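So this block is my_file-v7.cif, mmCIF, C-alpha atoms:
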```
data_entry
loop_
_atom_site.group_PDB
_atom_site.id
_atom_site.type_symbol
_atom_site.label_atom_id
_atom_site.label_comp_id
_atom_site.auth_asym_id
_atom_site.auth_seq_id
_atom_site.Cartn_x
_atom_site.Cartn_y
_atom_site.Cartn_z
ATOM 1 C CA MET T 1087 -17.262 -160.192 -114.497
ATOM 2 C CA PHE T 1088 -18.697 -159.951 -117.983
ATOM 3 C CA ILE T 1089 -16.820 -160.206 -121.254
ATOM 4 C CA SER T 1090 -18.023 -158.557 -124.429
ATOM 5 C CA ILE T 1091 -18.532 -160.888 -127.372
ATOM 6 C CA SER T 1092 -18.751 -159.359 -130.833
ATOM 7 C CA LEU T 1093 -20.441 -161.240 -133.654
ATOM 8 C CA ARG T 1094 -20.302 -160.280 -137.308
ATOM 9 C CA TYR T 1095 -22.597 -162.203 -139.607
ATOM 10 C CA VAL T 1096 -24.981 -162.020 -142.532
ATOM 11 C CA HIS T 1097 -28.268 -163.784 -142.038
ATOM 12 C CA SER T 1098 -29.157 -166.370 -144.680
ATOM 13 C CA ASN T 1099 -32.959 -166.334 -144.416
ATOM 14 C CA GLY T 1100 -32.395 -165.587 -140.744
ATOM 15 C CA LEU T 1101 -32.031 -169.295 -139.997
ATOM 16 C CA PRO T 1102 -29.395 -171.719 -138.636
ATOM 17 C CA PHE T 1103 -26.512 -172.927 -140.788
ATOM 18 C CA SER T 1104 -25.022 -176.407 -140.970
ATOM 19 C CA SER T 1105 -21.477 -176.569 -139.603
ATOM 20 C CA THR T 1106 -20.087 -176.938 -143.141
ATOM 21 C CA GLU T 1107 -22.020 -173.970 -144.490
ATOM 22 C CA PHE T 1108 -21.168 -171.779 -141.536
ATOM 23 C CA LYS T 1109 -17.440 -172.545 -141.588
ATOM 24 C CA LYS T 1110 -17.384 -171.915 -145.334
ATOM 25 C CA TRP T 1111 -18.580 -168.355 -144.748
ATOM 26 C CA VAL T 1112 -16.549 -167.567 -141.656
ATOM 27 C CA THR T 1113 -13.396 -165.689 -142.613
ATOM 28 C CA LYS T 1114 -12.022 -164.765 -139.200
ATOM 29 C CA PHE T 1115 -12.196 -166.310 -135.759
ATOM 30 C CA SER T 1116 -10.137 -165.068 -132.837
ATOM 31 C CA PHE T 1117 -10.357 -165.766 -129.129
ATOM 32 C CA ARG T 1118 -8.248 -164.531 -126.223
ATOM 33 C CA PHE T 1119 -8.209 -166.735 -123.134
ATOM 34 C CA PRO T 1120 -7.508 -166.681 -120.245
ATOM 35 C CA TYR T 1121 -8.372 -163.135 -119.294
ATOM 36 C CA SER T 1122 -7.680 -160.958 -116.284
ATOM 37 C CA SER T 1123 -9.829 -158.468 -114.418
ATOM 38 C CA SER T 1124 -7.913 -155.688 -116.127
ATOM 39 C CA SER T 1125 -8.666 -156.906 -119.634
ATOM 40 C CA SER T 1126 -11.381 -154.869 -121.278
ATOM 41 C CA THR T 1127 -11.687 -156.307 -124.766
ATOM 42 C CA SER T 1128 -11.578 -160.104 -124.479
ATOM 43 C CA ALA T 1129 -13.755 -161.116 -127.383
ATOM 44 C CA VAL T 1130 -14.854 -163.728 -129.837
ATOM 45 C CA ARG T 1131 -15.244 -162.392 -133.361
ATOM 46 C CA PHE T 1132 -16.878 -163.820 -136.447
ATOM 47 C CA SER T 1133 -17.027 -162.059 -139.770
ATOM 48 C CA ARG T 1134 -18.635 -162.985 -143.068
ATOM 49 C CA VAL T 1135 -17.836 -161.775 -146.512
ATOM 50 C CA HIS T 1136 -20.920 -159.843 -147.568
ATOM 51 C CA ASN T 1137 -22.464 -156.815 -145.868
ATOM 52 C CA PRO T 1138 -21.762 -157.780 -142.230
ATOM 53 C CA LYS T 1139 -23.956 -156.557 -139.407
ATOM 54 C CA GLN T 1140 -22.569 -155.965 -135.935
ATOM 55 C CA HIS T 1141 -24.227 -157.452 -132.859
ATOM 56 C CA ARG T 1142 -22.956 -157.335 -129.284
ATOM 57 C CA ILE T 1143 -24.024 -159.436 -126.353
ATOM 58 C CA LYS T 1144 -22.607 -160.016 -122.883
ATOM 59 C CA VAL T 1145 -22.071 -163.376 -121.218
ATOM 60 C CA PRO T 1146 -20.620 -164.338 -117.814
ATOM 61 C CA GLY T 1147 -16.842 -164.789 -117.937
ATOM 62 C CA LEU T 1148 -17.097 -168.418 -116.788
ATOM 63 C CA LEU T 1149 -19.035 -169.259 -119.958
ATOM 64 C CA VAL T 1150 -16.339 -167.979 -122.305
ATOM 65 C CA HIS T 1151 -14.436 -171.263 -122.341
ATOM 66 C CA PHE T 1152 -17.632 -173.162 -123.147
ATOM 67 C CA TRP T 1153 -18.428 -170.642 -125.891
ATOM 68 C CA SER T 1154 -14.962 -171.043 -127.418
ATOM 69 C CA LYS T 1155 -15.477 -174.794 -127.784
ATOM 70 C CA TYR T 1156 -19.151 -175.030 -128.702
ATOM 71 C CA TRP T 1157 -20.008 -171.717 -130.382
ATOM 72 C CA TYR T 1158 -21.020 -173.403 -133.635
ATOM 73 C CA LEU T 1159 -23.469 -175.721 -131.848
ATOM 74 C CA ILE T 1160 -25.109 -172.781 -130.105
ATOM 75 C CA ILE T 1161 -25.516 -170.835 -133.325
ATOM 76 C CA ILE T 1162 -26.505 -173.780 -135.526
ATOM 77 C CA GLN T 1163 -28.853 -175.602 -133.182
ATOM 78 C CA LEU T 1164 -30.432 -172.694 -131.305
ATOM 79 C CA ASP T 1165 -29.938 -169.871 -133.798
ATOM 80 C CA PHE T 1166 -28.656 -167.926 -130.780
ATOM 81 C CA PRO T 1167 -28.672 -164.990 -130.277
ATOM 82 C CA PHE T 1168 -30.232 -163.979 -133.586
ATOM 83 C CA ALA T 1169 -33.602 -165.735 -133.316
ATOM 84 C CA ASN T 1170 -36.569 -163.921 -131.877
ATOM 85 C CA PHE T 1171 -38.502 -165.494 -129.004
ATOM 86 C CA LEU T 1172 -41.149 -167.047 -131.248
ATOM 87 C CA ARG T 1173 -38.615 -168.873 -133.414
ATOM 88 C CA LYS T 1174 -36.711 -170.117 -130.375
ATOM 89 C CA ILE T 1175 -39.893 -171.710 -129.034
ATOM 90 C CA LEU T 1176 -40.707 -173.261 -132.403
ATOM 91 C CA TYR T 1177 -37.199 -174.680 -132.883
ATOM 92 C CA ALA T 1178 -37.297 -176.128 -129.368
ATOM 93 C CA HIS T 1179 -40.430 -178.076 -130.348
ATOM 94 C CA LEU T 1180 -39.193 -179.596 -133.613
ATOM 95 C CA ALA T 1181 -40.214 -183.262 -133.666
ATOM 96 C CA GLU T 1182 -37.078 -184.218 -135.613
ATOM 97 C CA PRO T 1183 -34.559 -181.359 -135.366
ATOM 98 C CA GLU T 1184 -31.720 -183.247 -137.038
ATOM 99 C CA GLY T 1185 -31.184 -182.073 -140.591
ATOM 100 C CA VAL T 1186 -33.937 -179.440 -140.486
ATOM 101 C CA LYS T 1187 -33.087 -176.344 -142.559
ATOM 102 C CA PRO T 1188 -36.206 -174.171 -142.365
ATOM 103 C CA ILE T 1189 -36.757 -171.325 -144.810
ATOM 104 C CA ARG T 1190 -39.204 -168.613 -143.835
ATOM 105 C CA GLY T 1191 -42.502 -168.830 -145.664
ATOM 106 C CA GLN T 1192 -41.536 -172.053 -147.478
ATOM 107 C CA THR T 1193 -40.466 -174.928 -145.234
ATOM 108 C CA TYR T 1194 -43.072 -176.808 -143.212
ATOM 109 C CA LEU T 1195 -41.955 -177.455 -139.645
ATOM 110 C CA LYS T 1196 -43.010 -180.674 -137.923
ATOM 111 C CA LEU T 1197 -43.671 -179.712 -134.317
ATOM 112 C CA SER T 1198 -44.501 -181.471 -131.060
ATOM 113 C CA PRO T 1199 -46.937 -179.279 -129.068
ATOM 114 C CA ASP T 1200 -46.933 -179.414 -125.263
ATOM 115 C CA ARG T 1201 -50.676 -179.231 -124.684
ATOM 116 C CA VAL T 1202 -54.126 -179.276 -126.304
ATOM 117 C CA ALA T 1203 -57.299 -177.489 -125.170
ATOM 118 C CA MET T 1204 -60.743 -178.119 -126.703
ATOM 119 C CA GLN T 1205 -64.090 -176.407 -126.312
ATOM 120 C CA ASP T 1206 -67.220 -178.538 -126.043
ATOM 121 C CA ALA T 1207 -68.568 -177.950 -129.562
ATOM 122 C CA SER T 1208 -65.436 -179.045 -131.446
ATOM 123 C CA ALA T 1209 -64.215 -181.562 -128.854
ATOM 124 C CA GLN T 1210 -66.963 -184.028 -129.769
ATOM 125 C CA MET T 1211 -65.662 -184.920 -133.224
ATOM 126 C CA ALA T 1212 -62.034 -184.603 -132.111
ATOM 127 C CA ILE T 1213 -62.542 -187.192 -129.376
ATOM 128 C CA LEU T 1214 -64.374 -189.559 -131.731
ATOM 129 C CA GLN T 1215 -61.405 -189.335 -134.108
ATOM 130 C CA PHE T 1216 -58.909 -189.808 -131.285
ATOM 131 C CA MET T 1217 -60.708 -192.955 -130.133
ATOM 132 C CA LEU T 1218 -59.816 -194.558 -133.480
ATOM 133 C CA ALA T 1219 -56.120 -194.249 -132.594
ATOM 134 C CA GLY T 1220 -56.551 -196.965 -129.975
ATOM 135 C CA MET T 1221 -54.370 -195.168 -127.435
ATOM 136 C CA PRO T 1222 -55.040 -195.547 -123.676
ATOM 137 C CA THR T 1223 -54.366 -191.845 -122.986
ATOM 138 C CA THR T 1224 -53.552 -188.721 -124.945
ATOM 139 C CA ALA T 1225 -49.895 -188.249 -125.865
ATOM 140 C CA VAL T 1226 -49.865 -184.715 -124.434
ATOM 141 C CA PRO T 1227 -51.851 -183.128 -121.580
ATOM 142 C CA SER T 1228 -55.281 -182.225 -122.942
ATOM 143 C CA SER T 1229 -58.343 -180.496 -121.547
ATOM 144 C CA ILE T 1230 -62.041 -180.158 -122.410
ATOM 145 C CA HIS T 1231 -63.901 -176.944 -121.586
ATOM 146 C CA CYS T 1232 -67.705 -176.790 -121.552
ATOM 147 C CA ASP T 1233 -68.539 -173.197 -122.405
ATOM 148 C CA HIS T 1234 -69.584 -172.814 -126.047
ATOM 149 C CA LEU T 1235 -72.831 -174.743 -125.653
ATOM 150 C CA ILE T 1236 -74.011 -172.474 -122.852
ATOM 151 C CA VAL T 1237 -76.313 -169.930 -124.497
ATOM 152 C CA GLY T 1238 -76.833 -166.526 -122.902
ATOM 153 C CA HIS T 1239 -80.503 -165.581 -122.805
ATOM 154 C CA LYS T 1240 -82.160 -164.847 -119.451
ATOM 155 C CA GLY T 1241 -79.252 -164.634 -117.026
ATOM 156 C CA ALA T 1242 -76.310 -166.701 -115.797
ATOM 157 C CA ALA T 1243 -78.168 -168.897 -113.305
ATOM 158 C CA GLN T 1244 -81.104 -169.763 -115.567
ATOM 159 C CA ASP T 1245 -79.028 -170.072 -118.733
ATOM 160 C CA LEU T 1246 -76.584 -172.521 -117.129
ATOM 161 C CA VAL T 1247 -79.355 -174.823 -115.909
ATOM 162 C CA GLN T 1248 -81.124 -174.715 -119.271
ATOM 163 C CA SER T 1249 -77.936 -175.379 -121.248
ATOM 164 C CA ILE T 1250 -76.991 -178.352 -119.074
ATOM 165 C CA GLU T 1251 -80.470 -179.794 -119.582
ATOM 166 C CA ASN T 1252 -80.401 -179.252 -123.352
ATOM 167 C CA ASN T 1253 -76.883 -180.669 -123.813
ATOM 168 C CA LYS T 1254 -76.778 -183.313 -121.084
ATOM 169 C CA GLU T 1255 -75.913 -186.152 -123.471
ATOM 170 C CA ILE T 1256 -72.986 -184.188 -124.924
ATOM 171 C CA PHE T 1257 -71.607 -183.133 -121.544
ATOM 172 C CA ASP T 1258 -71.888 -186.692 -120.204
ATOM 173 C CA PHE T 1259 -70.004 -188.029 -123.229
ATOM 174 C CA LEU T 1260 -67.247 -185.436 -122.900
ATOM 175 C CA GLN T 1261 -66.843 -186.095 -119.183
ATOM 176 C CA SER T 1262 -66.685 -189.875 -119.605
ATOM 177 C CA ALA T 1263 -64.155 -189.523 -122.447
ATOM 178 C CA ALA T 1264 -62.035 -187.182 -120.332
ATOM 179 C CA GLU T 1265 -61.985 -189.728 -117.508
ATOM 180 C CA LYS T 1266 -61.158 -192.606 -119.859
ATOM 181 C CA TYR T 1267 -58.288 -190.841 -121.642
ATOM 182 C CA SER T 1268 -56.906 -188.882 -118.649
ATOM 183 C CA MET T 1269 -57.947 -185.461 -119.924
ATOM 184 C CA SER T 1270 -58.870 -182.533 -117.694
ATOM 185 C CA PHE T 1271 -62.597 -181.782 -117.711
ATOM 186 C CA TRP T 1272 -63.919 -178.305 -116.991
ATOM 187 C CA LYS T 1273 -67.636 -178.705 -116.405
ATOM 188 C CA PRO T 1274 -70.342 -176.251 -117.520
ATOM 189 C CA GLY T 1275 -70.122 -173.070 -115.481
ATOM 190 C CA SER T 1276 -66.403 -173.380 -114.702
ATOM 191 C CA GLY T 1277 -65.448 -170.539 -117.034
ATOM 192 C CA ILE T 1278 -64.506 -169.534 -120.566
ATOM 193 C CA ILE T 1279 -61.865 -171.697 -122.232
ATOM 194 C CA HIS T 1280 -59.326 -169.024 -123.165
ATOM 195 C CA GLN T 1281 -59.394 -167.479 -119.688
ATOM 196 C CA ILE T 1282 -59.053 -170.865 -117.964
ATOM 197 C CA VAL T 1283 -56.094 -171.678 -120.209
ATOM 198 C CA LEU T 1284 -54.447 -168.347 -119.400
ATOM 199 C CA GLU T 1285 -54.889 -168.771 -115.647
ATOM 200 C CA ASN T 1286 -54.066 -172.481 -115.376
ATOM 201 C CA TYR T 1287 -51.970 -173.721 -118.293
ATOM 202 C CA ALA T 1288 -50.165 -170.879 -120.077
ATOM 203 C CA ALA T 1289 -46.452 -170.443 -119.361
ATOM 204 C CA PRO T 1290 -43.414 -168.908 -121.098
ATOM 205 C CA GLY T 1291 -42.005 -171.198 -123.783
ATOM 206 C CA LEU T 1292 -45.149 -173.343 -124.056
ATOM 207 C CA LEU T 1293 -46.423 -174.461 -127.459
ATOM 208 C CA MET T 1294 -50.090 -175.388 -127.360
ATOM 209 C CA LEU T 1295 -53.014 -175.920 -129.715
ATOM 210 C CA GLY T 1296 -56.610 -174.988 -128.956
ATOM 211 C CA THR T 1297 -59.848 -175.547 -130.862
ATOM 212 C CA ASP T 1298 -60.966 -172.007 -130.130
ATOM 213 C CA SER T 1299 -60.291 -168.759 -131.973
ATOM 214 C CA HIS T 1300 -59.254 -167.034 -128.729
ATOM 215 C CA THR T 1301 -56.461 -169.540 -128.034
ATOM 216 C CA PRO T 1302 -53.704 -166.940 -128.774
ATOM 217 C CA ASN T 1303 -54.825 -165.212 -125.561
ATOM 218 C CA ALA T 1304 -52.309 -167.488 -123.791
ATOM 219 C CA GLY T 1305 -49.553 -165.664 -125.662
ATOM 220 C CA GLY T 1306 -49.886 -162.952 -123.031
ATOM 221 C CA LEU T 1307 -47.753 -165.140 -120.752
ATOM 222 C CA GLY T 1308 -45.039 -165.866 -123.311
ATOM 223 C CA ALA T 1309 -46.547 -169.006 -124.852
ATOM 224 C CA ILE T 1310 -47.211 -169.778 -128.501
ATOM 225 C CA ALA T 1311 -50.881 -170.741 -128.482
ATOM 226 C CA ILE T 1312 -52.522 -171.400 -131.847
ATOM 227 C CA GLY T 1313 -56.181 -171.855 -132.701
ATOM 228 C CA VAL T 1314 -56.744 -174.960 -134.834
ATOM 229 C CA GLY T 1315 -59.471 -177.307 -136.015
ATOM 230 C CA GLY T 1316 -60.322 -180.576 -134.319
ATOM 231 C CA ALA T 1317 -58.257 -182.690 -136.739
ATOM 232 C CA ASP T 1318 -55.089 -180.736 -135.924
ATOM 233 C CA ALA T 1319 -55.756 -181.164 -132.216
ATOM 234 C CA VAL T 1320 -56.100 -184.920 -132.728
ATOM 235 C CA ASP T 1321 -52.665 -185.039 -134.394
ATOM 236 C CA ALA T 1322 -51.039 -183.656 -131.259
ATOM 237 C CA MET T 1323 -53.130 -185.869 -128.972
ATOM 238 C CA ALA T 1324 -52.093 -188.938 -130.977
ATOM 239 C CA SER T 1325 -48.374 -188.003 -131.034
ATOM 240 C CA ILE T 1326 -48.415 -187.136 -134.735
ATOM 241 C CA PRO T 1327 -46.139 -184.154 -135.555
ATOM 242 C CA TRP T 1328 -48.149 -181.015 -136.218
ATOM 243 C CA GLU T 1329 -47.132 -179.096 -139.344
ATOM 244 C CA LEU T 1330 -46.693 -175.333 -139.544
ATOM 245 C CA LYS T 1331 -45.075 -173.300 -142.306
ATOM 246 C CA ALA T 1332 -41.952 -171.545 -141.003
ATOM 247 C CA PRO T 1333 -43.272 -168.069 -140.149
ATOM 248 C CA GLU T 1334 -42.043 -164.980 -141.900
ATOM 249 C CA VAL T 1335 -40.922 -161.963 -139.902
ATOM 250 C CA ILE T 1336 -42.638 -158.605 -140.283
ATOM 251 C CA GLY T 1337 -41.084 -155.441 -138.900
ATOM 252 C CA ILE T 1338 -43.491 -152.752 -137.685
ATOM 253 C CA LYS T 1339 -42.542 -149.278 -136.507
ATOM 254 C CA LEU T 1340 -45.188 -147.217 -134.734
ATOM 255 C CA THR T 1341 -44.797 -143.467 -134.363
ATOM 256 C CA GLY T 1342 -46.776 -140.815 -132.539
ATOM 257 C CA LYS T 1343 -49.009 -141.517 -129.546
ATOM 258 C CA LEU T 1344 -52.457 -142.893 -128.760
ATOM 259 C CA ASN T 1345 -55.343 -140.439 -128.636
ATOM 260 C CA GLY T 1346 -58.448 -140.324 -126.491
ATOM 261 C CA TRP T 1347 -59.837 -143.727 -125.592
ATOM 262 C CA THR T 1348 -57.591 -145.618 -128.008
ATOM 263 C CA SER T 1349 -56.002 -148.688 -126.409
ATOM 264 C CA PRO T 1350 -53.100 -150.966 -127.453
ATOM 265 C CA LYS T 1351 -55.684 -153.543 -128.514
ATOM 266 C CA ASP T 1352 -57.098 -151.053 -131.032
ATOM 267 C CA VAL T 1353 -53.637 -150.774 -132.571
ATOM 268 C CA ILE T 1354 -53.293 -154.562 -132.716
ATOM 269 C CA LEU T 1355 -56.698 -154.996 -134.362
ATOM 270 C CA HIS T 1356 -55.947 -152.253 -136.876
ATOM 271 C CA LEU T 1357 -52.631 -153.852 -137.838
ATOM 272 C CA ALA T 1358 -54.207 -157.314 -138.020
ATOM 273 C CA GLY T 1359 -56.867 -155.901 -140.323
ATOM 274 C CA LYS T 1360 -54.318 -154.335 -142.654
ATOM 275 C CA LEU T 1361 -52.118 -157.442 -142.741
ATOM 276 C CA THR T 1362 -54.593 -160.323 -142.768
ATOM 277 C CA VAL T 1363 -58.089 -159.220 -143.828
ATOM 278 C CA ARG T 1364 -58.718 -159.952 -147.499
#
```

In structure tokens, how does this file's structure come out?
Amino acid sequence: MFISISLRYVHSNGLPFSSTEFKKWVTKFSFRFPYSSSSSTSAVRFSRVHNPKQHRIKVPGLLVHFWSKYWYLIIIQLDFPFANFLRKILYAHLAEPEGVKPIRGQTYLKLSPDRVAMQDASAQMAILQFMLAGMPTTAVPSSIHCDHLIVGHKGAAQDLVQSIENNKEIFDFLQSAAEKYSMSFWKPGSGIIHQIVLENYAAPGLLMLGTDSHTPNAGGLGAIAIGVGGADAVDAMASIPWELKAPEVIGIKLTGKLNGWTSPKDVILHLAGKLTVR
């Protein structure tokens, strides 16, 4: 059996409230329990003074008692159910969630990523910096991918052999560092970093950093994957909270339909160009 729960609220920056702030704004709270199979309107209701919006969700009947006791913790700590998926992942990775009151576009969040991936060109300096931390292993699972130093020229077979010969010292260093610090090592010819990450490491709810511009490709499986520089990757590898400004939310409404050979990616690139290209 499911029971309808009605929530009336006004979002303050769309972010969680402290218990004091929330209770100050709440003007009505009612709860009917227990319920019977014939009851059709068992509900929890919140209302706030200014311009309330109505939201309805459904939860299993057995959770109603829990909700009645801990509703403020759910709303304050998880921003549930008002947060979008991205913000839920970010809040779940706060290094020090106690006392955090993020404001979109202003507050810097200190996050603890789950994983780091590095391509061979940028991994060199990142590893040299990490070595200065004096840690026996990386704080989070990390991987090195040898793909950027492989130059396409005559064909896959010849190019791979030539690139390994030209960059042997670099590849040997990266492999030895990976073995020393318990990092995964993807040797030359094993594949392109963003595709390997998608097929082997990406997962819903994951927060990862990658020293490659195609890192967001892992977002296709419900992860937040962000391309960063080597220094940012080292922060995560050394268990230093990684800082990110609380993201703003942009609403986009698309109308009409795609024509000809236009693909969803064309729409994404067009929107990215309008929003981010200066």

CA of Gly1306 (chain T) and CA of Val1283 (chain T) are how many Å apart?
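Distance reported for this atom pair: 11.1 Å.
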
Can you translate the PyMOL selection byres ((chain T and resi 1308-1311) around 10) into the concrete residues it hits in this file, as a PyMOL selection string?
chain T and resi 1171-1173+1175-1176+1199+1201-1203+1283-1284+1287-1296+1300-1307+1312-1314

Ref. answer, residues at most 12 Å from (-61.6, -187.6, -120.2) with only C-alpha atoms, as JSON, numbers by chain:
{"T": [1204, 1209, 1210, 1213, 1216, 1217, 1222, 1223, 1224, 1227, 1228, 1229, 1230, 1231, 1257, 1258, 1259, 1260, 1261, 1262, 1263, 1264, 1265, 1266, 1267, 1268, 1269, 1270, 1271, 1272, 1273]}

For the selection you just gave me, I'd like the residues written to a file as a JSON list (two decimals), keeping the file's coordinate frame, keeping C-alpha atoms.
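Output file again-v2.json follows:
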```json
[["chain", "number", "residue", "atom", "x", "y", "z"],
["T", 1204, "MET", "CA", -60.74, -178.12, -126.70],
["T", 1209, "ALA", "CA", -64.22, -181.56, -128.85],
["T", 1210, "GLN", "CA", -66.96, -184.03, -129.77],
["T", 1213, "ILE", "CA", -62.54, -187.19, -129.38],
["T", 1216, "PHE", "CA", -58.91, -189.81, -131.28],
["T", 1217, "MET", "CA", -60.71, -192.96, -130.13],
["T", 1222, "PRO", "CA", -55.04, -195.55, -123.68],
["T", 1223, "THR", "CA", -54.37, -191.84, -122.99],
["T", 1224, "THR", "CA", -53.55, -188.72, -124.94],
["T", 1227, "PRO", "CA", -51.85, -183.13, -121.58],
["T", 1228, "SER", "CA", -55.28, -182.22, -122.94],
["T", 1229, "SER", "CA", -58.34, -180.50, -121.55],
["T", 1230, "ILE", "CA", -62.04, -180.16, -122.41],
["T", 1231, "HIS", "CA", -63.90, -176.94, -121.59],
["T", 1257, "PHE", "CA", -71.61, -183.13, -121.54],
["T", 1258, "ASP", "CA", -71.89, -186.69, -120.20],
["T", 1259, "PHE", "CA", -70.00, -188.03, -123.23],
["T", 1260, "LEU", "CA", -67.25, -185.44, -122.90],
["T", 1261, "GLN", "CA", -66.84, -186.10, -119.18],
["T", 1262, "SER", "CA", -66.68, -189.88, -119.60],
["T", 1263, "ALA", "CA", -64.16, -189.52, -122.45],
["T", 1264, "ALA", "CA", -62.04, -187.18, -120.33],
["T", 1265, "GLU", "CA", -61.98, -189.73, -117.51],
["T", 1266, "LYS", "CA", -61.16, -192.61, -119.86],
["T", 1267, "TYR", "CA", -58.29, -190.84, -121.64],
["T", 1268, "SER", "CA", -56.91, -188.88, -118.65],
["T", 1269, "MET", "CA", -57.95, -185.46, -119.92],
["T", 1270, "SER", "CA", -58.87, -182.53, -117.69],
["T", 1271, "PHE", "CA", -62.60, -181.78, -117.71],
["T", 1272, "TRP", "CA", -63.92, -178.30, -116.99],
["T", 1273, "LYS", "CA", -67.64, -178.70, -116.40]]
```

What gap, in Å, lies between CA of Cys1232 (chain T) and CA of Pro1274 (chain T)?
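Taking CA of Cys1232 (chain T) as the start and CA of Pro1274 (chain T) as the end point, the length is 4.8 Å.
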
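Going from CA of Lys1331 (chain T) over to CA of Arg1190 (chain T), you cover 7.7 Å.
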
Check what the PyMOL selection byres ((chain T and resi 1275) around 12) selects in the file above and give those residues as an MDAnalysis selection string.
chainID T and resid 1231:1238 1242:1250 1257 1271:1274 1276:1279 1282

Shell of 8 Å around Gln1215 (chain T), all atoms listed in the file, local chain residues under 4 positions omitted, as a PDB file with C-alpha atoms, in the coordinates of the input:
```pdb
ATOM      1  CA  MET T1211     -65.662-184.920-133.224  1.00  0.00           C
ATOM      2  CA  ALA T1219     -56.120-194.249-132.594  1.00  0.00           C
ATOM      3  CA  ALA T1317     -58.257-182.690-136.739  1.00  0.00           C
ATOM      4  CA  VAL T1320     -56.100-184.920-132.728  1.00  0.00           C
TER       5      VAL T1320
END
```

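The residue that comes closest to Leu1330 (chain T), out of T:Ile1189, T:Leu1357, T:Ala1225, T:Leu1344 and on the basis of only C-alpha atoms, is T:Ile1189.
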
Mind listing whatever residues come within 12 Å of the point (-42.3, -177.5, -141.0)? Use all atoms listed in the file, file coordinates, and give them as an NGL selection string.
:T and (1176-1177 or 1179-1183 or 1186-1198 or 1327-1333)
